[in-house]
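Asks: Just so it is clear, I am handing over query36.cif, which has mmCIF, N, CA and C atoms.
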```cif
data_input
#
loop_
_atom_site.label_atom_id
_atom_site.label_comp_id
_atom_site.auth_asym_id
_atom_site.auth_seq_id
_atom_site.Cartn_x
_atom_site.Cartn_y
_atom_site.Cartn_z
N MET A 249 10.44 22.64 3.56
CA MET A 249 10.48 23.59 4.64
C MET A 249 9.13 23.59 5.35
N VAL A 250 9.16 23.65 6.64
CA VAL A 250 7.96 23.61 7.47
C VAL A 250 7.60 25.04 7.89
N SER A 251 6.34 25.38 7.71
CA SER A 251 5.90 26.72 8.12
C SER A 251 5.78 26.77 9.65
N LEU A 252 5.69 27.96 10.17
CA LEU A 252 5.57 28.14 11.61
C LEU A 252 4.28 27.50 12.13
N LYS A 253 3.21 27.65 11.39
CA LYS A 253 1.92 27.06 11.78
C LYS A 253 2.02 25.53 11.82
N GLN A 254 2.67 24.94 10.80
CA GLN A 254 2.83 23.49 10.77
C GLN A 254 3.68 23.01 11.94
N ALA A 255 4.75 23.76 12.25
CA ALA A 255 5.61 23.39 13.38
C ALA A 255 4.84 23.44 14.68
N ARG A 256 4.01 24.47 14.85
CA ARG A 256 3.20 24.57 16.07
C ARG A 256 2.18 23.44 16.16
N ASP A 257 1.58 23.10 15.03
CA ASP A 257 0.63 21.98 15.00
C ASP A 257 1.32 20.67 15.36
N GLN A 258 2.53 20.48 14.83
CA GLN A 258 3.28 19.27 15.14
C GLN A 258 3.64 19.21 16.62
N LEU A 259 3.97 20.36 17.20
CA LEU A 259 4.28 20.41 18.62
C LEU A 259 3.06 20.05 19.46
N VAL A 260 1.90 20.57 19.08
CA VAL A 260 0.65 20.25 19.80
C VAL A 260 0.37 18.75 19.70
N ASP A 261 0.56 18.18 18.50
CA ASP A 261 0.35 16.74 18.31
C ASP A 261 1.31 15.92 19.17
N ALA A 262 2.57 16.34 19.21
CA ALA A 262 3.58 15.63 20.00
C ALA A 262 3.24 15.69 21.49
N LYS A 263 2.80 16.85 21.93
CA LYS A 263 2.41 16.98 23.35
C LYS A 263 1.20 16.12 23.67
N ARG A 264 0.27 16.03 22.73
CA ARG A 264 -0.91 15.20 22.93
C ARG A 264 -0.50 13.72 23.05
N LEU A 265 0.42 13.30 22.19
CA LEU A 265 0.90 11.92 22.26
C LEU A 265 1.62 11.65 23.58
N LEU A 266 2.47 12.59 23.98
CA LEU A 266 3.18 12.43 25.26
C LEU A 266 2.21 12.36 26.43
N GLY A 267 1.17 13.15 26.35
CA GLY A 267 0.15 13.12 27.40
C GLY A 267 -0.56 11.79 27.48
N SER A 268 -0.61 11.09 26.36
CA SER A 268 -1.24 9.76 26.31
C SER A 268 -0.25 8.64 26.62
N GLY A 269 1.01 9.03 26.90
CA GLY A 269 2.03 8.03 27.22
C GLY A 269 2.68 7.41 26.00
N ILE A 270 2.60 8.09 24.86
CA ILE A 270 3.17 7.56 23.62
C ILE A 270 4.36 8.42 23.21
N ASN A 271 5.47 7.78 22.90
CA ASN A 271 6.65 8.48 22.43
C ASN A 271 6.40 8.96 21.00
N PRO A 272 6.43 10.28 20.73
CA PRO A 272 6.14 10.79 19.39
C PRO A 272 7.08 10.25 18.31
N SER A 273 8.35 10.08 18.64
CA SER A 273 9.31 9.57 17.66
C SER A 273 8.98 8.13 17.28
N THR A 274 8.69 7.31 18.26
CA THR A 274 8.32 5.92 18.01
C THR A 274 7.01 5.85 17.23
N HIS A 275 6.08 6.70 17.59
CA HIS A 275 4.78 6.74 16.90
C HIS A 275 4.97 7.08 15.42
N LYS A 276 5.82 8.04 15.14
CA LYS A 276 6.10 8.45 13.75
C LYS A 276 6.72 7.29 12.96
N LYS A 277 7.65 6.57 13.59
CA LYS A 277 8.29 5.43 12.92
C LYS A 277 7.28 4.32 12.64
N ILE A 278 6.39 4.08 13.59
CA ILE A 278 5.36 3.05 13.40
C ILE A 278 4.46 3.40 12.23
N LEU A 279 4.04 4.67 12.16
CA LEU A 279 3.19 5.11 11.05
C LEU A 279 3.91 5.00 9.72
N LYS A 280 5.18 5.35 9.70
CA LYS A 280 5.97 5.26 8.47
C LYS A 280 6.10 3.81 8.01
N ASN A 281 6.35 2.91 8.95
CA ASN A 281 6.46 1.48 8.61
C ASN A 281 5.12 0.93 8.14
N ALA A 282 4.03 1.40 8.73
CA ALA A 282 2.70 0.94 8.31
C ALA A 282 2.41 1.39 6.89
N ASP A 283 2.78 2.61 6.55
CA ASP A 283 2.60 3.10 5.18
C ASP A 283 3.43 2.28 4.20
N LYS A 284 4.65 1.94 4.60
CA LYS A 284 5.53 1.14 3.74
C LYS A 284 4.95 -0.26 3.54
N ALA A 285 4.45 -0.86 4.61
CA ALA A 285 3.85 -2.19 4.52
C ALA A 285 2.61 -2.16 3.64
N GLU A 286 1.83 -1.09 3.76
CA GLU A 286 0.63 -0.96 2.95
C GLU A 286 0.99 -0.84 1.47
N ALA A 287 2.05 -0.11 1.17
CA ALA A 287 2.50 0.05 -0.21
C ALA A 287 3.01 -1.28 -0.78
N GLU A 288 3.62 -2.09 0.07
CA GLU A 288 4.12 -3.39 -0.37
C GLU A 288 2.98 -4.37 -0.61
N ASN A 289 1.81 -4.10 -0.07
CA ASN A 289 0.64 -4.95 -0.25
C ASN A 289 -0.33 -4.35 -1.27
N SER A 290 0.23 -3.79 -2.33
CA SER A 290 -0.60 -3.19 -3.37
C SER A 290 -1.20 -4.28 -4.26
N PHE A 291 -2.20 -3.89 -5.04
CA PHE A 291 -2.83 -4.83 -5.96
C PHE A 291 -1.82 -5.39 -6.94
N GLU A 292 -0.96 -4.52 -7.46
CA GLU A 292 0.02 -4.98 -8.45
C GLU A 292 0.98 -6.00 -7.85
N THR A 293 1.45 -5.75 -6.64
CA THR A 293 2.36 -6.69 -5.98
C THR A 293 1.68 -8.04 -5.77
N ALA A 294 0.44 -8.00 -5.30
CA ALA A 294 -0.31 -9.25 -5.08
C ALA A 294 -0.58 -9.97 -6.40
N ALA A 295 -0.91 -9.21 -7.44
CA ALA A 295 -1.18 -9.82 -8.75
C ALA A 295 0.07 -10.49 -9.30
N ARG A 296 1.21 -9.83 -9.18
CA ARG A 296 2.47 -10.42 -9.68
C ARG A 296 2.84 -11.68 -8.89
N GLU A 297 2.63 -11.63 -7.58
CA GLU A 297 2.91 -12.81 -6.75
C GLU A 297 1.99 -13.96 -7.13
N TRP A 298 0.70 -13.66 -7.29
CA TRP A 298 -0.27 -14.69 -7.68
C TRP A 298 0.11 -15.27 -9.04
N PHE A 299 0.44 -14.40 -9.99
CA PHE A 299 0.76 -14.86 -11.33
C PHE A 299 2.02 -15.72 -11.34
N GLY A 300 3.00 -15.36 -10.51
CA GLY A 300 4.22 -16.17 -10.41
C GLY A 300 3.91 -17.60 -9.99
N LEU A 301 2.94 -17.76 -9.10
CA LEU A 301 2.53 -19.09 -8.65
C LEU A 301 1.62 -19.77 -9.68
N GLU A 302 0.76 -19.00 -10.31
CA GLU A 302 -0.23 -19.53 -11.24
C GLU A 302 0.39 -20.04 -12.54
N LYS A 303 1.45 -19.40 -13.02
CA LYS A 303 1.99 -19.75 -14.33
C LYS A 303 2.87 -21.01 -14.32
N VAL A 304 3.20 -21.49 -13.14
CA VAL A 304 4.04 -22.69 -13.05
C VAL A 304 3.32 -23.87 -13.68
N GLY A 305 3.96 -24.50 -14.63
CA GLY A 305 3.40 -25.68 -15.28
C GLY A 305 2.39 -25.38 -16.38
N LYS A 306 2.19 -24.13 -16.70
CA LYS A 306 1.23 -23.75 -17.75
C LYS A 306 1.99 -23.39 -19.02
N LYS A 307 1.31 -23.47 -20.16
CA LYS A 307 1.92 -23.09 -21.43
C LYS A 307 2.15 -21.58 -21.46
N GLU A 308 3.17 -21.18 -22.20
CA GLU A 308 3.51 -19.75 -22.30
C GLU A 308 2.36 -18.95 -22.90
N SER A 309 1.67 -19.51 -23.89
CA SER A 309 0.57 -18.78 -24.53
C SER A 309 -0.56 -18.53 -23.53
N TYR A 310 -0.86 -19.53 -22.70
CA TYR A 310 -1.90 -19.37 -21.68
C TYR A 310 -1.48 -18.32 -20.66
N SER A 311 -0.23 -18.42 -20.20
CA SER A 311 0.27 -17.46 -19.22
C SER A 311 0.23 -16.03 -19.75
N SER A 312 0.62 -15.85 -20.99
CA SER A 312 0.61 -14.51 -21.60
C SER A 312 -0.81 -13.97 -21.68
N ARG A 313 -1.75 -14.83 -22.05
CA ARG A 313 -3.14 -14.40 -22.17
C ARG A 313 -3.71 -14.00 -20.81
N ILE A 314 -3.44 -14.79 -19.79
CA ILE A 314 -3.94 -14.50 -18.44
C ILE A 314 -3.32 -13.21 -17.91
N TRP A 315 -2.00 -13.04 -18.05
CA TRP A 315 -1.36 -11.83 -17.55
C TRP A 315 -1.86 -10.60 -18.31
N GLY A 316 -2.13 -10.76 -19.59
CA GLY A 316 -2.67 -9.66 -20.38
C GLY A 316 -4.00 -9.17 -19.83
N LYS A 317 -4.84 -10.11 -19.40
CA LYS A 317 -6.14 -9.74 -18.82
C LYS A 317 -5.96 -9.04 -17.47
N VAL A 318 -5.08 -9.55 -16.65
CA VAL A 318 -4.84 -8.96 -15.33
C VAL A 318 -4.21 -7.57 -15.47
N ASP A 319 -3.29 -7.46 -16.40
CA ASP A 319 -2.55 -6.21 -16.57
C ASP A 319 -3.40 -5.11 -17.20
N LYS A 320 -4.28 -5.45 -18.12
CA LYS A 320 -5.04 -4.44 -18.86
C LYS A 320 -6.36 -4.06 -18.21
N GLU A 321 -7.05 -5.00 -17.60
CA GLU A 321 -8.39 -4.70 -17.10
C GLU A 321 -8.39 -3.98 -15.75
N PRO A 322 -8.13 -4.65 -14.63
CA PRO A 322 -8.22 -3.93 -13.36
C PRO A 322 -6.94 -3.19 -12.97
N SER A 323 -5.80 -3.68 -13.43
CA SER A 323 -4.52 -3.20 -12.93
C SER A 323 -4.26 -1.71 -13.08
N PRO A 324 -4.53 -1.08 -14.23
CA PRO A 324 -4.21 0.35 -14.32
C PRO A 324 -4.93 1.22 -13.29
N PHE A 325 -6.11 0.81 -12.89
CA PHE A 325 -6.89 1.60 -11.93
C PHE A 325 -6.58 1.23 -10.48
N LEU A 326 -6.10 0.02 -10.27
CA LEU A 326 -5.91 -0.49 -8.91
C LEU A 326 -4.45 -0.75 -8.54
N ALA A 327 -3.55 -0.64 -9.48
CA ALA A 327 -2.16 -1.07 -9.30
C ALA A 327 -1.51 -0.55 -8.02
N ASP A 328 -1.62 0.72 -7.75
CA ASP A 328 -0.93 1.30 -6.60
C ASP A 328 -1.76 1.30 -5.32
N ARG A 329 -2.98 0.85 -5.39
CA ARG A 329 -3.85 0.87 -4.21
C ARG A 329 -3.58 -0.33 -3.32
N PRO A 330 -3.63 -0.14 -2.01
CA PRO A 330 -3.46 -1.27 -1.09
C PRO A 330 -4.64 -2.24 -1.22
N ILE A 331 -4.36 -3.50 -1.05
CA ILE A 331 -5.39 -4.53 -1.14
C ILE A 331 -6.53 -4.23 -0.17
N SER A 332 -6.19 -3.76 1.02
CA SER A 332 -7.22 -3.50 2.04
C SER A 332 -8.16 -2.37 1.66
N ALA A 333 -7.79 -1.54 0.69
CA ALA A 333 -8.62 -0.40 0.29
C ALA A 333 -9.49 -0.70 -0.93
N ILE A 334 -9.41 -1.92 -1.45
CA ILE A 334 -10.17 -2.29 -2.66
C ILE A 334 -11.41 -3.06 -2.25
N ASN A 335 -12.55 -2.65 -2.79
CA ASN A 335 -13.83 -3.32 -2.50
C ASN A 335 -14.23 -4.20 -3.68
N ALA A 336 -15.08 -5.17 -3.44
CA ALA A 336 -15.51 -6.10 -4.48
C ALA A 336 -16.12 -5.40 -5.69
N PRO A 337 -16.97 -4.39 -5.52
CA PRO A 337 -17.56 -3.74 -6.70
C PRO A 337 -16.51 -3.10 -7.62
N GLU A 338 -15.35 -2.77 -7.09
CA GLU A 338 -14.31 -2.15 -7.91
C GLU A 338 -13.64 -3.15 -8.84
N LEU A 339 -13.76 -4.42 -8.53
CA LEU A 339 -13.13 -5.45 -9.35
C LEU A 339 -14.04 -5.79 -10.49
#
```
Is it possible to give me this structure as structure tokens?
Replies:
Amino acid sequence: MVSLKQARDQLVDAKRLLGSGINPSTHKKILKNADKAEAENSFETAAREWFGLEKVGKKESYSSRIWGKVDKEPSPFLADRPISAINAPEL
């Protein structure tokens, strides 16, 4: 449920967008899609994609050891974060 203050704030934002020549509905959809794309580019997604390519032609023991390192060391802290939000010192 949206409070009256939130509804008024949303109306002011929509009017500001309209004043700039931007359709508020389209703008909202673009932001929603950007958030979805950012979530799809998380560290965990990239790590799984990389590992899928890396393990081809390797022994199972090697693959298990490498995935264990990726999964245990940086992944718990970075798994849900977008790649673009991760800095080198965090790795």
Asks: Please expand the PyMOL selection byres ((chain A and resi 324-332) around 8) into the concrete residues it hits in this file, giving the result as a ChimeraX atom specification.
Replies: /A:285-294,318-323,333-335
Asks: For a test of reading the model, state the distance in Å between atom CA of A:Arg296 and atom C of A:Asp283, rounded to one decimal.
Replies: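 A separation of 18.8 Å between them.
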Asks: Between atom C of A:Ala282 and atom CA of A:Glu338, what is the distance in Å, rounded to a tenth?
Replies: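 About the pair atom C of A:Ala282 and atom CA of A:Glu338: they are 22.6 Å apart.
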Asks: Rounded to one decimal place, report the atom N of A:Leu279-atom N of A:Gln254 distance in Å.
Replies: 20.4 Å
Asks: Could you tell me, as a VMD selection string, which residues of chain A DSSP assigns to alpha helix (DSSP H) when given the backbone?
Replies: chain A and resid 252 to 267 272 to 288 291 to 302 308 to 320 323 to 326
Asks: Generate a file for stretch 264-280 of chain A, containing N, CA and C atoms, as a CSV table (one decimal), in the first residue's frame.
Replies:
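Once written, part-v2.csv looks like this:
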```
chain,number,residue,atom,x,y,z
A,264,ARG,N,7.8,15.9,-13.3
A,264,ARG,CA,9.1,16.3,-13.6
A,264,ARG,C,9.6,15.6,-14.9
A,265,LEU,N,9.4,14.3,-15.0
A,265,LEU,CA,9.7,13.5,-16.2
A,265,LEU,C,9.0,14.0,-17.4
A,266,LEU,N,7.7,14.2,-17.2
A,266,LEU,CA,6.9,14.7,-18.4
A,266,LEU,C,7.4,16.1,-18.8
A,267,GLY,N,7.8,16.9,-17.9
A,267,GLY,CA,8.4,18.2,-18.2
A,267,GLY,C,9.7,18.1,-19.0
A,268,SER,N,10.4,17.0,-18.8
A,268,SER,CA,11.6,16.8,-19.5
A,268,SER,C,11.4,16.1,-20.8
A,269,GLY,N,10.1,15.7,-21.1
A,269,GLY,CA,9.8,15.0,-22.4
A,269,GLY,C,10.0,13.5,-22.3
A,270,ILE,N,9.9,13.0,-21.1
A,270,ILE,CA,10.1,11.6,-20.9
A,270,ILE,C,8.8,11.0,-20.4
A,271,ASN,N,8.3,9.9,-21.0
A,271,ASN,CA,7.1,9.2,-20.6
A,271,ASN,C,7.4,8.5,-19.3
A,272,PRO,N,6.7,8.8,-18.2
A,272,PRO,CA,7.0,8.1,-16.9
A,272,PRO,C,6.8,6.6,-16.9
A,273,SER,N,5.8,6.1,-17.6
A,273,SER,CA,5.6,4.7,-17.7
A,273,SER,C,6.8,4.0,-18.4
A,274,THR,N,7.2,4.5,-19.5
A,274,THR,CA,8.4,4.0,-20.2
A,274,THR,C,9.6,4.1,-19.4
A,275,HIS,N,9.8,5.2,-18.7
A,275,HIS,CA,11.0,5.4,-17.8
A,275,HIS,C,11.0,4.3,-16.7
A,276,LYS,N,9.8,4.0,-16.1
A,276,LYS,CA,9.7,3.0,-15.1
A,276,LYS,C,10.1,1.6,-15.6
A,277,LYS,N,9.6,1.3,-16.8
A,277,LYS,CA,9.9,0.0,-17.5
A,277,LYS,C,11.4,-0.1,-17.7
A,278,ILE,N,12.0,1.0,-18.2
A,278,ILE,CA,13.5,0.9,-18.5
A,278,ILE,C,14.3,0.7,-17.2
A,279,LEU,N,13.9,1.4,-16.2
A,279,LEU,CA,14.6,1.2,-14.9
A,279,LEU,C,14.4,-0.2,-14.4
A,280,LYS,N,13.2,-0.8,-14.5
A,280,LYS,CA,12.9,-2.2,-14.1
A,280,LYS,C,13.8,-3.2,-14.9
```
